[in-house]
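*Asks:* Next comes the structure file entry_16.pdb, holding PDB, C-alpha atoms and all ligand atoms.
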MODEL        1
ATOM      1  CA  MET R1153      25.943  43.388 -71.790
ATOM      2  CA  ILE R1154      26.760  40.381 -73.988
ATOM      3  CA  GLY R1155      24.440  39.149 -76.748
ATOM      4  CA  GLY R1156      24.010  35.769 -78.378
ATOM      5  CA  ALA R1157      22.418  36.237 -81.802
ATOM      6  CA  GLN R1158      20.811  32.966 -82.792
ATOM      7  CA  LEU R1159      20.033  32.647 -86.485
ATOM      8  CA  GLY R1160      17.097  30.706 -87.845
ATOM      9  CA  ALA R1161      17.390  28.553 -90.911
ATOM     10  CA  ILE R1162      19.383  29.690 -93.941
ATOM     11  CA  GLN R1163      18.333  27.959 -97.135
ATOM     12  CA  LYS R1164      20.707  26.837 -99.873
ATOM     13  CA  HIS R1165      19.593  29.597-102.234
ATOM     14  CA  ASP R1166      19.782  32.431 -99.645
ATOM     15  CA  SER R1167      22.409  35.037-100.539
ATOM     16  CA  ARG R1168      25.130  36.237 -98.156
ATOM     17  CA  GLU R1169      23.587  39.700 -98.429
ATOM     18  CA  SER R1170      20.187  38.469 -97.226
ATOM     19  CA  VAL R1171      21.799  36.757 -94.225
ATOM     20  CA  VAL R1172      23.872  39.832 -93.382
ATOM     21  CA  ALA R1173      20.643  41.881 -93.437
ATOM     22  CA  ARG R1174      19.215  39.501 -90.809
ATOM     23  CA  MET R1175      22.404  39.755 -88.747
ATOM     24  CA  LEU R1176      22.195  43.552 -88.913
ATOM     25  CA  ALA R1177      18.601  43.418 -87.658
ATOM     26  CA  LEU R1178      19.816  41.407 -84.656
ATOM     27  CA  LEU R1179      22.649  43.889 -84.129
ATOM     28  CA  GLU R1180      20.064  46.715 -84.074
ATOM     29  CA  GLN R1181      18.276  44.913 -81.233
ATOM     30  CA  ALA R1182      21.611  44.369 -79.518
ATOM     31  CA  LYS R1183      22.380  48.078 -79.794
ATOM     32  CA  ASP R1184      19.033  48.914 -78.168
ATOM     33  CA  ARG R1185      19.823  46.531 -75.303
ATOM     34  CA  GLY R1186      23.251  48.060 -74.798
ATOM     35  CA  CYS R1187      25.280  45.028 -75.911
ATOM     36  CA  GLU R1188      29.039  45.460 -76.137
ATOM     37  CA  LEU R1189      29.685  42.082 -77.781
ATOM     38  CA  VAL R1190      27.396  39.970 -79.975
ATOM     39  CA  VAL R1191      28.123  36.353 -80.826
ATOM     40  CA  PHE R1192      26.719  34.727 -83.994
ATOM     41  CA  PRO R1193      26.711  31.016 -84.954
ATOM     42  CA  GLU R1194      29.135  28.737 -86.772
ATOM     43  CA  LEU R1195      29.067  29.117 -90.582
ATOM     44  CA  ALA R1196      26.753  32.069 -90.039
ATOM     45  CA  LEU R1197      26.683  33.299 -93.621
ATOM     46  CA  THR R1198      25.318  30.236 -95.410
ATOM     47  CA  THR R1199      23.289  27.107 -95.029
ATOM     48  CA  PHE R1200      25.141  24.277 -93.257
ATOM     49  CA  PHE R1201      26.611  23.098 -96.572
ATOM     50  CA  PRO R1202      28.569  20.083 -95.186
ATOM     51  CA  ARG R1203      25.272  18.185 -95.301
ATOM     52  CA  TRP R1204      25.649  18.152 -99.093
ATOM     53  CA  TYR R1205      27.984  15.715-100.858
ATOM     54  CA  MET R1206      29.917  17.520-103.587
ATOM     55  CA  GLU R1207      32.679  16.232-105.870
ATOM     56  CA  ASP R1208      33.256  19.341-107.957
ATOM     57  CA  GLN R1209      35.674  21.662-106.093
ATOM     58  CA  ALA R1210      34.244  24.683-107.926
ATOM     59  CA  GLU R1211      30.866  23.836-106.408
ATOM     60  CA  VAL R1212      32.471  23.571-102.953
ATOM     61  CA  ASP R1213      34.348  26.846-103.304
ATOM     62  CA  VAL R1214      31.097  28.776-103.622
ATOM     63  CA  TRP R1215      30.551  28.326 -99.867
ATOM     64  CA  PHE R1216      33.935  29.760 -98.834
ATOM     65  CA  GLU R1217      35.080  33.336 -98.130
ATOM     66  CA  GLN R1218      38.492  34.290 -99.492
ATOM     67  CA  GLU R1219      38.801  37.415 -97.389
ATOM     68  CA  MET R1220      37.219  38.848 -94.264
ATOM     69  CA  PRO R1221      35.734  41.401 -94.287
ATOM     70  CA  ASN R1222      34.503  41.154 -97.871
ATOM     71  CA  ALA R1223      31.873  43.065 -99.798
ATOM     72  CA  ALA R1224      28.983  41.072 -98.362
ATOM     73  CA  THR R1225      30.110  41.221 -94.718
ATOM     74  CA  GLN R1226      31.552  44.756 -94.620
ATOM     75  CA  PRO R1227      28.234  46.181 -93.296
ATOM     76  CA  LEU R1228      28.651  44.057 -90.138
ATOM     77  CA  PHE R1229      32.064  45.559 -89.482
ATOM     78  CA  ASP R1230      30.774  49.060 -90.256
ATOM     79  CA  PHE R1231      27.915  48.568 -87.785
ATOM     80  CA  ALA R1232      30.352  47.304 -85.177
ATOM     81  CA  ARG R1233      32.555  50.375 -85.567
ATOM     82  CA  THR R1234      29.714  52.895 -85.694
ATOM     83  CA  HIS R1235      27.880  51.510 -82.682
ATOM     84  CA  ARG R1236      30.878  50.217 -80.741
ATOM     85  CA  ILE R1237      29.754  46.597 -80.598
ATOM     86  CA  ALA R1238      32.349  43.833 -80.826
ATOM     87  CA  ILE R1239      31.189  40.870 -82.924
ATOM     88  CA  SER R1240      32.098  37.235 -83.429
ATOM     89  CA  PHE R1241      30.828  34.967 -86.199
ATOM     90  CA  GLY R1242      31.769  31.821 -88.043
ATOM     91  CA  TYR R1243      32.377  31.314 -91.758
ATOM     92  CA  ALA R1244      34.061  28.918 -94.158
ATOM     93  CA  GLU R1245      37.569  30.227 -94.885
ATOM     94  CA  ARG R1246      39.631  29.573 -98.000
ATOM     95  CA  THR R1247      43.164  30.901 -97.554
ATOM     96  CA  PRO R1248      45.288  32.456-100.338
ATOM     97  CA  GLU R1249      47.290  29.170-100.331
ATOM     98  CA  GLY R1250      44.097  27.212-101.019
ATOM     99  CA  ARG R1251      43.561  25.759 -97.545
ATOM    100  CA  TYR R1252      40.066  25.303 -96.169
ATOM    101  CA  PHE R1253      39.012  25.872 -92.577
ATOM    102  CA  ASN R1254      35.853  26.194 -90.487
ATOM    103  CA  THR R1255      36.711  29.542 -88.924
ATOM    104  CA  SER R1256      35.416  32.189 -86.558
ATOM    105  CA  ILE R1257      36.620  35.718 -85.941
ATOM    106  CA  LEU R1258      36.388  38.110 -83.025
ATOM    107  CA  THR R1259      36.483  41.888 -83.315
ATOM    108  CA  ASP R1260      36.895  44.662 -80.819
ATOM    109  CA  ARG R1261      34.405  47.518 -80.531
ATOM    110  CA  THR R1262      36.001  49.362 -83.453
ATOM    111  CA  GLY R1263      35.160  46.457 -85.752
ATOM    112  CA  THR R1264      38.823  45.471 -86.046
ATOM    113  CA  ILE R1265      39.517  41.735 -86.121
ATOM    114  CA  VAL R1266      41.541  40.888 -83.023
ATOM    115  CA  GLY R1267      41.268  37.100 -83.084
ATOM    116  CA  LYS R1268      40.813  34.202 -85.452
ATOM    117  CA  TYR R1269      40.083  30.589 -84.559
ATOM    118  CA  ARG R1270      39.956  27.535 -86.860
ATOM    119  CA  LYS R1271      37.849  24.574 -85.725
ATOM    120  CA  VAL R1272      40.018  21.806 -84.313
ATOM    121  CA  HIS R1273      37.542  18.957 -83.726
ATOM    122  CA  LEU R1274      35.912  18.258 -87.087
ATOM    123  CA  PRO R1275      33.035  15.798 -86.752
ATOM    124  CA  GLY R1276      31.539  13.579 -89.404
ATOM    125  CA  HIS R1277      33.193  11.865 -92.358
ATOM    126  CA  ALA R1278      34.962  12.499 -95.658
ATOM    127  CA  GLU R1279      33.183  10.157 -98.079
ATOM    128  CA  PHE R1280      29.496   9.688 -98.905
ATOM    129  CA  ASP R1281      27.977   7.460 -96.206
ATOM    130  CA  PRO R1282      24.826   5.649 -97.381
ATOM    131  CA  GLU R1283      24.207   4.364 -93.830
ATOM    132  CA  ARG R1284      23.386   7.826 -92.503
ATOM    133  CA  ASP R1285      20.006   9.543 -92.750
ATOM    134  CA  PHE R1286      21.894  12.627 -93.933
ATOM    135  CA  GLN R1287      25.513  13.514 -94.516
ATOM    136  CA  HIS R1288      27.908  15.440 -92.256
ATOM    137  CA  LEU R1289      30.965  16.023 -94.460
ATOM    138  CA  GLU R1290      33.094  18.401 -92.417
ATOM    139  CA  LYS R1291      36.075  16.057 -92.718
ATOM    140  CA  ARG R1292      35.720  16.306 -96.516
ATOM    141  CA  TYR R1293      35.561  20.084 -96.843
ATOM    142  CA  PHE R1294      37.814  21.345 -94.023
ATOM    143  CA  GLU R1295      41.188  20.537 -92.564
ATOM    144  CA  PRO R1296      41.621  20.611 -88.765
ATOM    145  CA  GLY R1297      42.437  24.043 -87.414
ATOM    146  CA  ASP R1298      46.105  24.956 -87.138
ATOM    147  CA  LEU R1299      45.905  27.784 -84.613
ATOM    148  CA  GLY R1300      45.232  25.889 -81.384
ATOM    149  CA  PHE R1301      42.896  27.552 -78.883
ATOM    150  CA  PRO R1302      44.307  31.041 -78.390
ATOM    151  CA  THR R1303      42.830  33.654 -76.077
ATOM    152  CA  TRP R1304      42.879  37.414 -76.429
ATOM    153  CA  GLU R1305      42.586  40.311 -74.027
ATOM    154  CA  ASN R1306      39.666  42.103 -75.651
ATOM    155  CA  GLU R1307      37.499  44.891 -74.272
ATOM    156  CA  GLY R1308      38.422  44.191 -70.671
ATOM    157  CA  ALA R1309      38.062  40.409 -70.708
ATOM    158  CA  VAL R1310      40.145  37.392 -71.683
ATOM    159  CA  MET R1311      38.229  35.856 -74.588
ATOM    160  CA  GLY R1312      38.572  32.630 -76.519
ATOM    161  CA  MET R1313      36.610  30.883 -79.238
ATOM    162  CA  CYS R1314      35.707  27.377 -80.221
ATOM    163  CA  ILE R1315      33.235  26.012 -82.757
ATOM    164  CA  CYS R1316      30.352  23.578 -82.377
ATOM    165  CA  ASN R1317      31.751  20.053 -81.924
ATOM    166  CA  ASP R1318      34.727  21.538 -80.027
ATOM    167  CA  ARG R1319      32.312  22.233 -77.160
ATOM    168  CA  ARG R1320      31.990  18.521 -76.460
ATOM    169  CA  TRP R1321      35.710  18.130 -75.634
ATOM    170  CA  PRO R1322      36.964  19.144 -72.179
ATOM    171  CA  GLU R1323      40.432  19.819 -73.588
ATOM    172  CA  THR R1324      38.980  22.735 -75.555
ATOM    173  CA  TYR R1325      37.997  24.663 -72.452
ATOM    174  CA  ARG R1326      40.993  23.608 -70.374
ATOM    175  CA  VAL R1327      43.533  24.847 -72.928
ATOM    176  CA  MET R1328      41.780  28.212 -72.852
ATOM    177  CA  GLY R1329      41.329  27.986 -69.082
ATOM    178  CA  LEU R1330      45.093  27.687 -68.744
ATOM    179  CA  GLN R1331      45.315  31.047 -70.529
ATOM    180  CA  GLY R1332      42.920  32.618 -68.055
ATOM    181  CA  VAL R1333      39.854  32.639 -70.284
ATOM    182  CA  GLU R1334      36.860  34.529 -68.888
ATOM    183  CA  LEU R1335      34.502  34.344 -71.881
ATOM    184  CA  VAL R1336      34.294  31.547 -74.436
ATOM    185  CA  THR R1337      32.271  32.285 -77.557
ATOM    186  CA  LEU R1338      31.033  29.421 -79.671
ATOM    187  CA  GLY R1339      28.597  28.917 -82.496
ATOM    188  CA  TYR R1340      27.009  25.658 -83.540
ATOM    189  CA  ASN R1341      24.973  23.890 -86.225
ATOM    190  CA  THR R1342      23.687  20.751 -84.543
ATOM    191  CA  PRO R1343      21.174  18.537 -86.348
ATOM    192  CA  SER R1344      18.088  17.900 -84.186
ATOM    193  CA  VAL R1345      18.338  14.177 -84.829
ATOM    194  CA  ASN R1346      21.371  11.892 -84.800
ATOM    195  CA  ALA R1347      21.959  10.802 -88.425
ATOM    196  CA  GLN R1348      23.182   7.424 -87.132
ATOM    197  CA  ASN R1349      20.518   6.880 -84.467
ATOM    198  CA  ARG R1350      16.967   8.124 -85.116
ATOM    199  CA  GLY R1351      16.075   7.428 -81.478
ATOM    200  CA  GLU R1352      18.350  10.275 -80.399
ATOM    201  CA  GLY R1353      16.081  13.269 -80.823
ATOM    202  CA  GLU R1354      16.145  16.945 -80.015
ATOM    203  CA  ALA R1355      15.611  16.783 -76.228
ATOM    204  CA  HIS R1356      18.486  14.328 -75.901
ATOM    205  CA  ARG R1357      20.770  16.471 -78.072
ATOM    206  CA  LEU R1358      19.896  19.697 -76.286
ATOM    207  CA  PHE R1359      20.707  17.987 -72.993
ATOM    208  CA  HIS R1360      24.160  16.946 -74.208
ATOM    209  CA  SER R1361      24.851  20.357 -75.669
ATOM    210  CA  GLN R1362      24.076  22.153 -72.422
ATOM    211  CA  LEU R1363      25.760  19.510 -70.299
ATOM    212  CA  VAL R1364      29.115  20.037 -71.985
ATOM    213  CA  MET R1365      28.926  23.826 -72.042
ATOM    214  CA  GLN R1366      27.855  24.030 -68.400
ATOM    215  CA  ALA R1367      30.667  21.670 -67.394
ATOM    216  CA  GLY R1368      33.214  23.627 -69.444
ATOM    217  CA  ALA R1369      32.084  26.884 -67.857
ATOM    218  CA  TYR R1370      32.154  25.565 -64.283
ATOM    219  CA  GLN R1371      35.409  23.604 -64.531
ATOM    220  CA  ASN R1372      37.230  26.628 -65.904
ATOM    221  CA  ALA R1373      35.301  29.376 -64.107
ATOM    222  CA  THR R1374      34.423  31.115 -67.352
ATOM    223  CA  TRP R1375      31.394  32.558 -69.087
ATOM    224  CA  VAL R1376      30.275  30.567 -72.143
ATOM    225  CA  VAL R1377      28.103  32.027 -74.892
ATOM    226  CA  GLY R1378      26.829  29.205 -77.123
ATOM    227  CA  VAL R1379      24.849  30.295 -80.170
ATOM    228  CA  ALA R1380      22.884  28.101 -82.552
ATOM    229  CA  LYS R1381      21.904  28.193 -86.147
ATOM    230  CA  ALA R1382      18.468  26.644 -85.790
ATOM    231  CA  GLY R1383      15.371  25.734 -87.740
ATOM    232  CA  VAL R1384      14.732  23.628 -90.813
ATOM    233  CA  GLU R1385      17.393  24.165 -93.471
ATOM    234  CA  ASP R1386      16.507  22.686 -96.836
ATOM    235  CA  GLY R1387      14.394  20.060 -95.079
ATOM    236  CA  PHE R1388      16.933  19.251 -92.342
ATOM    237  CA  PRO R1389      16.193  20.417 -88.762
ATOM    238  CA  LEU R1390      18.870  22.062 -86.626
ATOM    239  CA  MET R1391      18.287  22.488 -82.899
ATOM    240  CA  GLY R1392      18.190  25.896 -81.191
ATOM    241  CA  GLY R1393      18.802  26.326 -77.482
ATOM    242  CA  SER R1394      21.345  29.163 -77.593
ATOM    243  CA  VAL R1395      22.562  29.890 -74.078
ATOM    244  CA  ILE R1396      24.647  32.139 -71.911
ATOM    245  CA  ILE R1397      26.227  30.236 -69.019
ATOM    246  CA  ASP R1398      27.866  31.821 -65.996
ATOM    247  CA  PRO R1399      31.206  30.781 -64.427
ATOM    248  CA  ASN R1400      29.349  28.600 -61.915
ATOM    249  CA  GLY R1401      27.816  26.612 -64.747
ATOM    250  CA  PHE R1402      24.306  28.063 -64.472
ATOM    251  CA  VAL R1403      22.280  29.001 -67.550
ATOM    252  CA  VAL R1404      21.416  32.700 -67.238
ATOM    253  CA  ALA R1405      19.816  33.284 -70.653
ATOM    254  CA  GLN R1406      18.348  30.883 -73.180
ATOM    255  CA  ALA R1407      16.649  31.149 -76.570
ATOM    256  CA  ASP R1408      13.129  29.784 -76.774
ATOM    257  CA  THR R1409      12.527  29.897 -80.531
ATOM    258  CA  GLN R1410      14.089  28.224 -83.550
ATOM    259  CA  GLY R1411      14.428  31.506 -85.409
ATOM    260  CA  ASP R1412      16.474  34.702 -85.395
ATOM    261  CA  GLU R1413      16.544  35.611 -81.711
ATOM    262  CA  LEU R1414      18.779  37.710 -79.499
ATOM    263  CA  ILE R1415      19.542  36.553 -75.963
ATOM    264  CA  SER R1416      21.545  38.763 -73.651
ATOM    265  CA  HIS R1417      22.945  39.033 -70.167
ATOM    266  CA  ARG R1418      25.053  41.472 -68.208
ATOM    267  CA  CYS R1419      28.141  39.263 -67.798
ATOM    268  CA  ASP R1420      30.354  40.376 -64.945
ATOM    269  CA  MET R1421      33.899  39.107 -65.525
ATOM    270  CA  ASP R1422      34.635  39.430 -61.801
ATOM    271  CA  LEU R1423      32.368  36.415 -61.266
ATOM    272  CA  CYS R1424      35.196  34.305 -62.723
ATOM    273  CA  THR R1425      37.529  35.163 -59.877
ATOM    274  CA  PHE R1426      36.086  32.960 -57.140
ATOM    275  CA  GLY R1427      36.351  29.674 -59.061
ATOM    276  CA  LYS R1428      39.719  30.587 -60.540
ATOM    277  CA  THR R1429      41.194  31.295 -57.093
ATOM    278  CA  THR R1430      39.615  28.449 -55.128
ATOM    279  CA  ILE R1431      38.523  25.021 -56.373
ATOM    280  CA  PHE R1432      39.851  25.614 -59.898
ATOM    281  CA  ASP R1433      43.020  27.420 -58.956
ATOM    282  CA  PHE R1434      44.970  25.416 -61.509
ATOM    283  CA  LYS R1435      48.434  26.336 -60.281
ATOM    284  CA  ARG R1436      47.756  24.961 -56.814
ATOM    285  CA  HIS R1437      45.683  21.897 -57.633
ATOM    286  CA  ARG R1438      46.489  20.452 -61.068
ATOM    287  CA  ARG R1439      48.723  17.333 -61.135
ATOM    288  CA  ILE R1440      50.235  17.415 -64.591
ATOM    289  CA  GLU R1441      52.497  14.443 -63.872
ATOM    290  CA  HIS R1442      49.362  12.312 -64.304
ATOM    291  CA  TYR R1443      47.980  13.923 -67.442
ATOM    292  CA  GLY R1444      50.642  13.017 -70.037
ATOM    293  CA  ILE R1445      48.490  10.332 -71.667
ATOM    294  CA  ILE R1446      46.117  13.043 -72.833
ATOM    295  CA  THR R1447      48.635  14.396 -75.327
ATOM    296  CA  ARG R1448      50.509  11.100 -75.967
ATOM    297  CA  GLN R1449      47.511   9.048 -76.997
ATOM    298  CA  THR R1450      44.421   9.735 -79.129
ATOM    299  CA  GLY R1451      42.160   6.674 -78.847
ATOM    300  CA  ALA R1452      41.221   4.632 -75.797
ATOM    301  CA  GLU R1453      43.351   1.527 -75.157
ATOM    302  CA  ARG R1454      42.103  -1.094 -72.705
ATOM    303  CA  PRO R1455      44.587  -2.644 -70.297
ATOM    304  CA  ALA R1456      46.342  -5.720 -71.740
TER     305      ALA R1456
HETATM  306  N1  LIG N1501      28.724  21.462 -86.741
HETATM  307  C1  LIG N1501      29.019  20.505 -85.846
HETATM  308  O1  LIG N1501      30.149  20.381 -85.400
HETATM  309  N2  LIG N1501      28.002  19.692 -85.486
HETATM  310  C2  LIG N1501      28.197  18.545 -84.650
HETATM  311  C3  LIG N1501      27.279  17.456 -85.068
HETATM  312  C4  LIG N1501      28.030  16.242 -85.167
HETATM  313  S1  LIG N1501      27.097  14.937 -85.856
HETATM  314  C5  LIG N1501      28.169  14.243 -86.968
HETATM  315  C6  LIG N1501      28.016  18.828 -83.166
HETATM  316  O2  LIG N1501      28.841  18.349 -82.388
HETATM  317  O3  LIG N1501      27.036  19.442 -82.777
ENDMDL
END
Can you turn what I pasted into structure tokens?
Ligand code: CDT

*Replies:*
Amino acid sequence: MIGGAQLGAIQKHDSRESVVARMLALLEQAKDRGCELVVFPELALTTFFPRWYMEDQAEVDVWFEQEMPNAATQPLFDFARTHRIAISFGYAERTPEGRYFNTSILTDRTGTIVGKYRKVHLPGHAEFDPERDFQHLEKRYFEPGDLGFPTWENEGAVMGMCICNDRRWPETYRVMGLQGVELVTLGYNTPSVNAQNRGEGEAHRLFHSQLVMQAGAYQNATWVVGVAKAGVEDGFPLMGGSVIIDPNGFVVAQADTQGDELISHRCDMDLCTFGKTTIFDFKRHRRIEHYGIITRQTGAERPA
């Protein structure tokens, strides 16, 4: 059984300890349902701080973890070990060298970290943008991840991670698909409204979110567990819609609140085999001689 532990809003003044207490409550539910892995959202320990423009680095540093586990998060790892539940969650990472990443970790069922991922596709902008209804300053506070999209053999499945905006890019899933991924975990913080287009509301954004995850799952014959941080944070709404998607692209579990909510599904990794050995048998069908432009070129260039 795999769980997706959606978190409701986390306000600016909420402590790490109070959030961890909420995560532990969700883990208790997961234990009762027999979950072996529980996935939490992106930047699970704090409010989505990139909505705030900050110039003072000391003020920024408050939102970052310098080690993992640390005193505040140790109870999550202890719970994982005691109850044999692997966990994955996102947090803001400051390295000993003073580098800043939007990171997620994956543990095994002993609570040992077996994988780390640093968000590659950072959305938003680096400077204050008066044209937006609210800020999205990931490019200011993080550098792009430097670890690629690794996968790990963990608890009987090939697992990989990505974070929020990464889910919108087909390359994300394909790089993991080429490493045989069977379960992609991802957390997100997606504003319910587009800061640059008020007409793009929640229904529209939920549609896009599911569209990309369902396509990624189907085209790579993998499970996808997409988990939101939802609700109104400091006056700014984030959409919910956490989902578990099967390797055929079908939604098999979905959150229906904007609060702390556990979704779960018995995910059979053998369901990945059919797609991986037929229509998406990459070795037989991919034509890499035609794909070079994908890594040679970033932006679109119209024919001359
Ligand atoms: N956290 C995150 O990556 N959110 C983005 C919103 C982008 S709007 C500038 C997302 O893709 O959901």

*Asks:* Using all atoms listed in the file, which of R:Thr1199, R:Thr1247, R:Gln1410, R:Thr1259 sits nearest ligand LIG 1501 (chain N)?

*Replies:*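 Using all atoms listed in the file, ligand LIG 1501 (chain N) sits closest to R:Thr1199.
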
*Asks:* Apply the PyMOL selection byres (((not hetatm)) within 6 of (chain N and resi 1501)) to the displayed file and report the matching residues as a PyMOL selection string.

*Replies:* chain R and resi 1275-1276+1288+1316-1317+1340-1342

*Asks:* Do you have, as a Markdown table, the list of residues of range 1275-1382 of chain R lying at most 12 Å from range 1208-1217 of chain R, each with its nearest atom pair and that distance in Å to one decimal, counting only C-alpha atoms and ordered by chain then number?

*Replies:*
| residue | atom | partner | partner_atom | distance |
| --- | --- | --- | --- | --- |
| R:Leu1289 | CA | R:Val1212 | CA | 11.5 |
| R:Glu1290 | CA | R:Val1212 | CA | 11.8 |
| R:Arg1292 | CA | R:Val1212 | CA | 10.2 |
| R:Tyr1293 | CA | R:Val1212 | CA | 7.7 |
| R:Phe1294 | CA | R:Phe1216 | CA | 10.4 |

*Asks:* Smallest atom-to-atom distance to His1273 in chain R: which of R:Glu1323, R:Glu1188, R:Glu1385, R:Glu1354, using all atoms listed in the file?

*Replies:*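 For His1273 in chain R, the nearest of the given residues is R:Glu1323.
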
*Asks:* Please determine, counting all atoms listed in the file, which residue among R:Phe1231, R:Phe1241, R:Phe1192, R:Phe1359 has the shortest atom-to-atom distance to Gly1393 in chain R.

*Replies:*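 With all atoms listed in the file as the atom set, the closest residue is R:Phe1359.
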
*Asks:* I'd like to see the residues matched by the PyMOL selection byres (((chain R and resi 1193) around 8) and not hetatm) on this file, and ideally I'd get them as a list in words.

*Replies:* Ala1157, Gln1158, Leu1159, Val1191, Phe1192, Glu1194, Leu1195, Ala1196, Phe1241, Gly1242, Leu1338, Gly1339, Tyr1340, Asn1341, Val1379, Ala1380 and Lys1381 of chain R

*Asks:* What is the CA of Phe1229 in chain R to CA of Leu1335 in chain R distance in Å?

*Replies:*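 Separation between CA of Phe1229 in chain R and CA of Leu1335 in chain R: 21.0 Å.
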
*Asks:* Step by step: start from the point (27.2, 16.5, -99.8) in the file's coordinates, keep every protein, DNA or RNA residue that has an atom no farther than 9 Å from it, count all atoms listed in the file, and write the set as a PyMOL selection string.

*Replies:* chain R and resi 1201-1207+1279-1280+1286-1289

*Asks:* Might you spell out which residues the PyMOL selection byres (((chain R and resi 1156) around 12) and not hetatm) would select in the displayed file, as a PyMOL selection string?

*Replies:* chain R and resi 1153-1155+1157-1159+1175+1178-1179+1181-1182+1185+1187-1193+1238-1241+1336-1340+1376-1381+1392-1397+1404-1407+1412-1419

*Asks:* Can you sort out the box for range 1300-1308 of chain R, edges along x, y and z, all listed atoms in, 4 Å on every side, with centre and edge lengths in Å to one decimal, as AutoDock Vina command-line options?

*Replies:*
--center_x 41.4 --center_y 35.4 --center_z -76.0 --size_x 15.7 --size_y 27.0 --size_z 18.7

*Asks:* Hey, what's within 12 Å of Asn1349 in chain R if we count all atoms listed in the file and toss same-chain stuff fewer than 5 positions away? As a PyMOL selection string, please?

*Replies:* chain R and resi 1283-1286+1343-1344+1354+1356-1357

*Asks:* Choose the residue, out of R:Asn1346, R:Gln1226, R:Thr1234, R:Thr1255, that has the smallest atom-to-atom separation from Phe1301 in chain R; count all atoms listed in the file.

*Replies:* R:Thr1255

*Asks:* Using all atoms listed in the file, pick whichever of R:Ile1162, R:Ile1446, R:Ala1244, R:Leu1228 has the shortest atom-to-atom distance to Lys1271 in chain R.

*Replies:*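 Distance minimum relative to Lys1271 in chain R lands on R:Ala1244.
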
*Asks:* What is the CA of Ile1431 in chain R to CA of Asn1306 in chain R distance in Å?

*Replies:*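 Those two atoms sit 25.8 Å apart.
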
*Asks:* Which is closest to Gly1308 in chain R among R:Lys1183, R:Arg1320, R:Lys1268, R:Arg1261, if we use only C-alpha atoms?

*Replies:*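 For Gly1308 in chain R, the nearest of the given residues is R:Arg1261.
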
*Asks:* As an exercise, work out the distance from CA of Gly1329 in chain R to CA of Gln1366 in chain R in Å and give it to one decimal place.

*Replies:*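 Spanning CA of Gly1329 in chain R to CA of Gln1366 in chain R is a straight-line distance of 14.1 Å.
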
*Asks:* Neighbours of Val1172 in chain R within 8 Å (only C-alpha atoms; same-chain residues fewer than 2 positions away dropped), as a PyMOL selection string?

*Replies:* chain R and resi 1168-1170+1174-1176+1197+1224-1225+1227-1228

*Asks:* Got a sec: who's within 10 Å of Asp1420 in chain R, counting all atoms listed in the file, leaving out chain neighbours fewer than 6 positions off, as a CSV table (one decimal) with C-alpha atoms, keeping the file's coordinate frame?

*Replies:*
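Dumped everything to around-v2.csv:
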chain,number,residue,atom,x,y,z
R,1153,MET,CA,25.9,43.4,-71.8
R,1154,ILE,CA,26.8,40.4,-74.0
R,1309,ALA,CA,38.1,40.4,-70.7
R,1334,GLU,CA,36.9,34.5,-68.9
R,1375,TRP,CA,31.4,32.6,-69.1
R,1398,ASP,CA,27.9,31.8,-66.0
R,1399,PRO,CA,31.2,30.8,-64.4
